[in-house]
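Student: Pasting a structure here, questions to come.
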Amino acid sequence: MTIPKSHPRYRSLITREKLAEGFKEGLVHTTGLIAHGRGEAFDYLIGEQTLDIADRSARAAAAALLIAKSPVISINGNTVALVGRECVSLSKSIPAKLEVNLFHRSEERVKRIAERLKAFGADRVYGENADARIDGLEHDRALCSREGIYSADVVLVPLEDGDRCQALRNMGKTVIAIDLNPLSRTAQSASITIVDNVIRAIPNIERWVKILRSRNSEDLKKIVDSWNNKQMLKEVLDFISKRLNSI
Ligand code: ATP
Ligand code: MG
């Protein structure tokens, strides 16, 4: 189906098409389609825009990624289908490693996603030979790469599950999550949450990486240390309730 550009929900529909395509190609898991629907509902509530506070989250995230010793961007099916190319570009700007890390893991899907990232220009993709486990998680969703997520100090997890986000925090890592739902366990347990659509958030982090790159590490550390994630989530909820009350 071709979606006319004049359709008021053009961008949202194109995004759905990308996910449906990714599903047909074996990149996206069935449950990924459902998870996207939950995200869309929250995007509607914030007006499908990058809030000022989400922009400040993206700035703090960029600072954390720039001062990290071993930063990793975790990639799942929805992420590669929606912003695979942008994630490869971000990984080069920082620079950071890329790891395919799936909640519903199948070796076949890991391989397909890694191949897609390479087609987008990634030199090396971790995760195919999982040789470590995220502490405190059972089943295949714990599998990760020792050189990648397992030993990372800062992990960017666009679209993570709440349980795994908490498990990564428990391992002492700085976790940056992108999640449109400010009430999700992921949003609540990450070190820095960007309440924004991944489609807008990934390019925005890269924009901030380019702006902040010339700053010294003391300045960057100050940005990260002064970040108050709880306060930010409160501001997002405040924004949503004010917006709903004014309609
Ligand atoms: P949690 O496990 O964190 O308690 P959940 O079970 O509702 O929350 P999952 O199904 O594990 O969430 O993951 C989907 C999450 O990703 C949802 O919170 C949803 O809002 C968010 N999400 C989905 N699509 C996008 C998107 N395009 N951009 C940003 N966030 C998204
Ligand atoms: Mg979940």
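Chain labels run A, B, ... following the order of the structure tokens; each chain numbers its residues from 1, and ligands are numbered from 1 in the order shown.
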How would you write, as a list of chain:residue names, the set of residues no farther than 10 Å from ligand 2 when counting only C-alpha atoms and all ligand atoms?

Tutor: A:Ala35, A:Phe103, A:Leu159, A:Glu160, A:Asp161, A:Gly162, A:Asp163, A:Arg164, A:Cys165, A:Ser184, A:Arg185, A:Thr186

Student: Could those residues be written to a file, using N, CA and C atoms, as a PDB file, in the first residue's frame?

Tutor:
```pdb
ATOM      1  N   ALA A  35       4.488  -3.994  21.243  1.00  0.00           N
ATOM      2  CA  ALA A  35       5.227  -3.013  22.051  1.00  0.00           C
ATOM      3  C   ALA A  35       5.203  -1.641  21.368  1.00  0.00           C
ATOM      4  N   PHE A 103      15.499  -9.873  23.552  1.00  0.00           N
ATOM      5  CA  PHE A 103      14.725 -10.404  24.671  1.00  0.00           C
ATOM      6  C   PHE A 103      14.196 -11.787  24.272  1.00  0.00           C
ATOM      7  N   LEU A 159      14.395   1.008  23.718  1.00  0.00           N
ATOM      8  CA  LEU A 159      13.328   0.004  23.823  1.00  0.00           C
ATOM      9  C   LEU A 159      13.736  -1.244  24.601  1.00  0.00           C
ATOM     10  N   GLU A 160      13.994  -1.079  25.866  1.00  0.00           N
ATOM     11  CA  GLU A 160      14.385  -2.222  26.694  1.00  0.00           C
ATOM     12  C   GLU A 160      13.222  -2.675  27.563  1.00  0.00           C
ATOM     13  N   ASP A 161      13.290  -3.930  27.994  1.00  0.00           N
ATOM     14  CA  ASP A 161      12.318  -4.449  28.942  1.00  0.00           C
ATOM     15  C   ASP A 161      12.728  -4.016  30.353  1.00  0.00           C
ATOM     16  N   GLY A 162      11.738  -3.805  31.206  1.00  0.00           N
ATOM     17  CA  GLY A 162      11.984  -3.299  32.557  1.00  0.00           C
ATOM     18  C   GLY A 162      12.905  -4.173  33.392  1.00  0.00           C
ATOM     19  N   ASP A 163      12.677  -5.476  33.276  1.00  0.00           N
ATOM     20  CA  ASP A 163      13.463  -6.449  34.028  1.00  0.00           C
ATOM     21  C   ASP A 163      14.942  -6.404  33.695  1.00  0.00           C
ATOM     22  N   ARG A 164      15.208  -6.346  32.396  1.00  0.00           N
ATOM     23  CA  ARG A 164      16.607  -6.344  31.956  1.00  0.00           C
ATOM     24  C   ARG A 164      17.279  -5.025  32.276  1.00  0.00           C
ATOM     25  N   CYS A 165      16.507  -3.957  32.176  1.00  0.00           N
ATOM     26  CA  CYS A 165      17.051  -2.649  32.512  1.00  0.00           C
ATOM     27  C   CYS A 165      17.517  -2.659  33.966  1.00  0.00           C
ATOM     28  N   SER A 184       6.753   3.253  32.621  1.00  0.00           N
ATOM     29  CA  SER A 184       7.237   1.873  32.498  1.00  0.00           C
ATOM     30  C   SER A 184       8.353   1.615  33.497  1.00  0.00           C
ATOM     31  N   ARG A 185       8.568   0.356  33.817  1.00  0.00           N
ATOM     32  CA  ARG A 185       9.642   0.013  34.739  1.00  0.00           C
ATOM     33  C   ARG A 185      10.988   0.403  34.133  1.00  0.00           C
ATOM     34  N   THR A 186      11.083   0.297  32.811  1.00  0.00           N
ATOM     35  CA  THR A 186      12.331   0.702  32.147  1.00  0.00           C
ATOM     36  C   THR A 186      12.610   2.179  32.402  1.00  0.00           C
TER      37      THR A 186
END
```

Student: Show me which residues line ligand 1, defined as having an atom within 9 Å of a ligand atom where only C-alpha atoms and all ligand atoms count, and present them as a ChimeraX atom specification.

Tutor: /A:15,31-43,78-79,82,103,158-165,177-189,194-201

Student: Export, as an mmCIF file, in the first residue's frame, the selected residues with C-alpha atoms.

Tutor:
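To be explicit, this is the file written out as part_29.cif:
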```cif
data_model
loop_
_atom_site.group_PDB
_atom_site.id
_atom_site.type_symbol
_atom_site.label_atom_id
_atom_site.label_comp_id
_atom_site.auth_asym_id
_atom_site.auth_seq_id
_atom_site.Cartn_x
_atom_site.Cartn_y
_atom_site.Cartn_z
ATOM 1 C CA THR A 15 6.777 3.939 10.811
ATOM 2 C CA THR A 31 5.614 -8.981 20.257
ATOM 3 C CA GLY A 32 7.647 -6.051 18.916
ATOM 4 C CA LEU A 33 4.591 -4.992 16.932
ATOM 5 C CA ILE A 34 2.530 -4.887 20.131
ATOM 6 C CA ALA A 35 5.227 -3.013 22.051
ATOM 7 C CA HIS A 36 5.261 -0.363 19.322
ATOM 8 C CA GLY A 37 1.520 0.175 19.745
ATOM 9 C CA ARG A 38 2.015 0.923 23.428
ATOM 10 C CA GLY A 39 4.722 3.412 22.534
ATOM 11 C CA GLU A 40 2.533 5.146 19.938
ATOM 12 C CA ALA A 41 -0.183 5.766 22.508
ATOM 13 C CA PHE A 42 2.284 7.664 24.683
ATOM 14 C CA ASP A 43 3.649 9.547 21.689
ATOM 15 C CA ASN A 78 12.332 -2.784 16.457
ATOM 16 C CA THR A 79 15.434 -0.615 16.769
ATOM 17 C CA LEU A 82 13.197 1.887 12.693
ATOM 18 C CA PHE A 103 14.725 -10.404 24.671
ATOM 19 C CA PRO A 158 16.561 1.886 22.996
ATOM 20 C CA LEU A 159 13.328 0.004 23.823
ATOM 21 C CA GLU A 160 14.385 -2.222 26.694
ATOM 22 C CA ASP A 161 12.318 -4.449 28.942
ATOM 23 C CA GLY A 162 11.984 -3.299 32.557
ATOM 24 C CA ASP A 163 13.463 -6.449 34.028
ATOM 25 C CA ARG A 164 16.607 -6.344 31.956
ATOM 26 C CA CYS A 165 17.051 -2.649 32.512
ATOM 27 C CA ALA A 177 16.889 4.060 27.994
ATOM 28 C CA ILE A 178 14.652 5.472 25.300
ATOM 29 C CA ASP A 179 11.036 4.848 26.252
ATOM 30 C CA LEU A 180 7.893 6.803 25.386
ATOM 31 C CA ASN A 181 6.136 5.518 28.483
ATOM 32 C CA PRO A 182 7.325 7.548 31.498
ATOM 33 C CA LEU A 183 5.568 5.054 33.788
ATOM 34 C CA SER A 184 7.237 1.873 32.498
ATOM 35 C CA ARG A 185 9.642 0.013 34.739
ATOM 36 C CA THR A 186 12.331 0.702 32.147
ATOM 37 C CA ALA A 187 11.760 4.461 32.298
ATOM 38 C CA GLN A 188 11.681 4.324 36.099
ATOM 39 C CA SER A 189 14.804 2.203 36.561
ATOM 40 C CA ILE A 194 14.775 9.770 27.168
ATOM 41 C CA VAL A 195 10.994 9.953 26.921
ATOM 42 C CA ASP A 196 10.832 10.313 23.171
ATOM 43 C CA ASN A 197 10.284 8.214 20.064
ATOM 44 C CA VAL A 198 13.476 6.339 19.058
ATOM 45 C CA ILE A 199 13.009 7.814 15.609
ATOM 46 C CA ARG A 200 13.597 11.301 17.024
ATOM 47 C CA ALA A 201 15.829 10.365 19.964
#
```

Student: Extract, using only C-alpha atoms, all DNA, RNA and protein residues at most 12 Å from Gly84 of chain A, discarding same-chain residues fewer than 4 positions from it, and format them as number ranges by chain.

Tutor: A: 18-19, 22, 27, 73-80, 88-91, 98-100, 113-122, 158, 198-199, 202-203

Student: Pick from A:Ile247, A:Ile149, A:Leu168, A:Val209: nearest to Lys92 of chain A, with only C-alpha atoms counted?

Tutor: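 Of the candidates, the smallest distance to Lys92 of chain A is held by A:Val209.
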
Student: Nearest to Glu235 of chain A among A:Asp123, A:Asp131, A:Asp52, A:Glu86, with distances taken over only C-alpha atoms: which residue is it?

Tutor: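 Once distances to Glu235 of chain A are computed over only C-alpha atoms, the minimum belongs to A:Asp52.
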
Student: Pick out the residues sitting within 9 Å of Ile53 of chain A, and hand them over as an MDAnalysis selection string; count only C-alpha atoms, and ignore anything fewer than 3 positions along from it in its own chain.

Tutor: chainID A and resid 50 56:58 194:195 232:233 235:236

Student: So which bits of segment 9-116 of chain A end up alpha helix (DSSP H) when you DSSP the backbone, as a ChimeraX atom specification?

Tutor: /A:10-24,30-45,52-67,77-93,107-116

Student: Need to verify the contact set: Ala64 of chain A, 9 Å, only C-alpha atoms, exclusion of same-chain residues closer than 6 positions in sequence. Can you return it as a PDB file with all heavy atoms, in the first residue's frame?

Tutor:
```pdb
ATOM      1  N   PRO A  71      31.449   2.199  25.997  1.00  0.00           N
ATOM      2  CA  PRO A  71      30.016   2.356  25.742  1.00  0.00           C
ATOM      3  C   PRO A  71      29.507   1.367  24.692  1.00  0.00           C
ATOM      4  O   PRO A  71      30.213   1.066  23.730  1.00  0.00           O
ATOM      5  CB  PRO A  71      29.916   3.789  25.211  1.00  0.00           C
ATOM      6  CG  PRO A  71      31.248   4.073  24.600  1.00  0.00           C
ATOM      7  CD  PRO A  71      32.261   3.228  25.317  1.00  0.00           C
ATOM      8  N   VAL A 154      28.718   1.947  30.205  1.00  0.00           N
ATOM      9  CA  VAL A 154      27.507   2.684  29.822  1.00  0.00           C
ATOM     10  C   VAL A 154      26.811   1.930  28.678  1.00  0.00           C
ATOM     11  O   VAL A 154      27.445   1.596  27.682  1.00  0.00           O
ATOM     12  CB  VAL A 154      27.851   4.125  29.367  1.00  0.00           C
ATOM     13  CG1 VAL A 154      26.593   4.872  28.929  1.00  0.00           C
ATOM     14  CG2 VAL A 154      28.557   4.900  30.479  1.00  0.00           C
ATOM     15  N   THR A 174      25.755   2.286  33.957  1.00  0.00           N
ATOM     16  CA  THR A 174      24.906   3.441  33.660  1.00  0.00           C
ATOM     17  C   THR A 174      24.035   3.021  32.481  1.00  0.00           C
ATOM     18  O   THR A 174      24.547   2.624  31.436  1.00  0.00           O
ATOM     19  CB  THR A 174      25.782   4.654  33.259  1.00  0.00           C
ATOM     20  OG1 THR A 174      26.595   5.017  34.378  1.00  0.00           O
ATOM     21  CG2 THR A 174      24.918   5.838  32.831  1.00  0.00           C
ATOM     22  N   ILE A 176      21.144   4.013  29.769  1.00  0.00           N
ATOM     23  CA  ILE A 176      20.381   5.069  29.104  1.00  0.00           C
ATOM     24  C   ILE A 176      19.265   4.373  28.341  1.00  0.00           C
ATOM     25  O   ILE A 176      19.526   3.522  27.480  1.00  0.00           O
ATOM     26  CB  ILE A 176      21.265   5.859  28.112  1.00  0.00           C
ATOM     27  CG1 ILE A 176      22.470   6.475  28.829  1.00  0.00           C
ATOM     28  CG2 ILE A 176      20.438   6.927  27.394  1.00  0.00           C
ATOM     29  CD1 ILE A 176      23.590   6.880  27.879  1.00  0.00           C
ATOM     30  N   LEU A 220      31.748  17.342  31.100  1.00  0.00           N
ATOM     31  CA  LEU A 220      30.802  16.285  30.727  1.00  0.00           C
ATOM     32  C   LEU A 220      30.363  15.511  31.973  1.00  0.00           C
ATOM     33  O   LEU A 220      29.186  15.172  32.127  1.00  0.00           O
ATOM     34  CB  LEU A 220      31.436  15.331  29.712  1.00  0.00           C
ATOM     35  CG  LEU A 220      31.786  15.956  28.357  1.00  0.00           C
ATOM     36  CD1 LEU A 220      32.508  14.953  27.462  1.00  0.00           C
ATOM     37  CD2 LEU A 220      30.528  16.475  27.642  1.00  0.00           C
ATOM     38  N   LYS A 221      31.313  15.277  32.868  1.00  0.00           N
ATOM     39  CA  LYS A 221      31.005  14.535  34.085  1.00  0.00           C
ATOM     40  C   LYS A 221      30.000  15.328  34.931  1.00  0.00           C
ATOM     41  O   LYS A 221      29.097  14.759  35.532  1.00  0.00           O
ATOM     42  CB  LYS A 221      32.302  14.273  34.863  1.00  0.00           C
ATOM     43  CG  LYS A 221      32.183  13.113  35.820  1.00  0.00           C
ATOM     44  CD  LYS A 221      33.528  12.718  36.385  1.00  0.00           C
ATOM     45  CE  LYS A 221      33.372  11.716  37.521  1.00  0.00           C
ATOM     46  NZ  LYS A 221      32.576  12.188  38.656  1.00  0.00           N
ATOM     47  N   ILE A 223      27.699  17.330  33.824  1.00  0.00           N
ATOM     48  CA  ILE A 223      26.366  17.186  33.213  1.00  0.00           C
ATOM     49  C   ILE A 223      25.730  15.867  33.672  1.00  0.00           C
ATOM     50  O   ILE A 223      24.565  15.823  34.061  1.00  0.00           O
ATOM     51  CB  ILE A 223      26.458  17.214  31.659  1.00  0.00           C
ATOM     52  CG1 ILE A 223      26.949  18.583  31.177  1.00  0.00           C
ATOM     53  CG2 ILE A 223      25.115  16.846  31.016  1.00  0.00           C
ATOM     54  CD1 ILE A 223      27.181  18.681  29.669  1.00  0.00           C
ATOM     55  N   VAL A 224      26.533  14.798  33.668  1.00  0.00           N
ATOM     56  CA  VAL A 224      26.008  13.474  34.034  1.00  0.00           C
ATOM     57  C   VAL A 224      25.690  13.408  35.529  1.00  0.00           C
ATOM     58  O   VAL A 224      24.606  12.963  35.929  1.00  0.00           O
ATOM     59  CB  VAL A 224      27.011  12.358  33.646  1.00  0.00           C
ATOM     60  CG1 VAL A 224      26.496  10.985  34.083  1.00  0.00           C
ATOM     61  CG2 VAL A 224      27.271  12.372  32.141  1.00  0.00           C
TER      62      VAL A 224
END
```

Student: I'd like the interatomic distance between atom CA of Lys111 of chain A and atom CA of Arg11 of chain A, to a tenth of an Å.

Tutor: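 Between atom CA of Lys111 of chain A and atom CA of Arg11 of chain A the gap is 28.9 Å.
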
Student: Can you work out which one of A:Ser151, A:Ser12, A:Ser246, A:Ser6 has the shortest atom-to-atom distance to Lys97 of chain A, counting only C-alpha atoms?

Tutor: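 Distance minimum relative to Lys97 of chain A lands on A:Ser151.
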
Student: Go through A:Asp153, A:Tyr10, A:Leu45, A:Lys5 and flag the residue nearest Asp238 of chain A, using only C-alpha atoms for the distances.

Tutor: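 Smallest separation from Asp238 of chain A among the options: A:Leu45.
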
Student: Report, in Å to a single decimal, how far apart atom CA of Leu156 of chain A and atom CA of Arg133 of chain A are.

Tutor: 17.4 Å

Student: So how many Å separate atom CA of His29 of chain A and atom CA of Val83 of chain A, to one decimal?

Tutor: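 These two atoms are separated by 15.8 Å.
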
Student: Of the candidates A:Lys24, A:Arg146, A:Arg141, A:Lys222, which shows the shortest atom-to-atom distance to Ala167 of chain A, using only C-alpha atoms?

Tutor: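 So, comparing all the options, the nearest one is A:Arg141.
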
Student: Write out as a ChimeraX atom specification all residues of segment 35-227 of chain A that backbone DSSP assigns to strand (DSSP E).

Tutor: /A:71-75,97-100,132-133,143-144,154-158,174-178,192-194

Student: Looking at only C-alpha atoms, which of A:Val157, A:Ile46, A:Val28, A:Ala54 is the one that sits closest to Glu108 of chain A?

Tutor: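 Of the candidates, the smallest distance to Glu108 of chain A is held by A:Val28.
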